[in-house]
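Below: one structure, written as structure tokens.
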Amino acid sequence: MIPLSPSSGAGSATSGEAYAQRVVHAAHQFEAILLNSLLGSLEHSFSALPGKKADSIADNYHAMGMQALASSLAAGGGMGIATMIIRNLLHSKGQGPSGQTQPTKVSGLSADESSRD
């Protein structure tokens with residue numbers, strides 16, 4: 001697991017950018033896990049047919065499909081949870097759009113996401 005606290009030392013701009021990238025990555029992973037849990041529950045609810053035998057191989061493929069779908073949704077913006085986490089964590093460190101210091105350029109955010117407040 002990657003720690004989210006920035007390392008102390010010279011080159012605060014570099015460590016600030018590294019921190020921002022870790023925040024973006026962790027927030028998207030969190031949203032993917034949350035979506036996977038939600039979609040998995042929905043898939044189990046709606047895929048069960050009366051009288052159908054349970055097939056463990058098919059269940060594994062369904063789980064992999066749900067995981068891929070959740071990851072893709074989260075990477076594409078998902079429900080906006082990752083964006084809120086990123087904005088709040090970077091704002092608390094003074095790196096967000098409304099912080100005291102110069103905002104850190106984060107490659108994981110679109111211009112639309114980084115300008116929200």
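Identifiers in this document derive from the order of the structure tokens: chains are assigned A, B, ..., residues are numbered from 1 separately in each chain, and ligands are numbered from 1 in order of occurrence.
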
(message) If we count only C-alpha atoms and set the cut-off at 8 Å, which residues sit around range 81-85 of chain A, ignoring sequence neighbours fewer than 2 positions away in its own chain? Please answer as a list in words.
(response) Val24, Ala27, His28, Phe30, Glu31, Ala74, Gly77, Gly78, Met79, Arg87, Asn88, Leu89, Leu109 and Glu113 of chain A
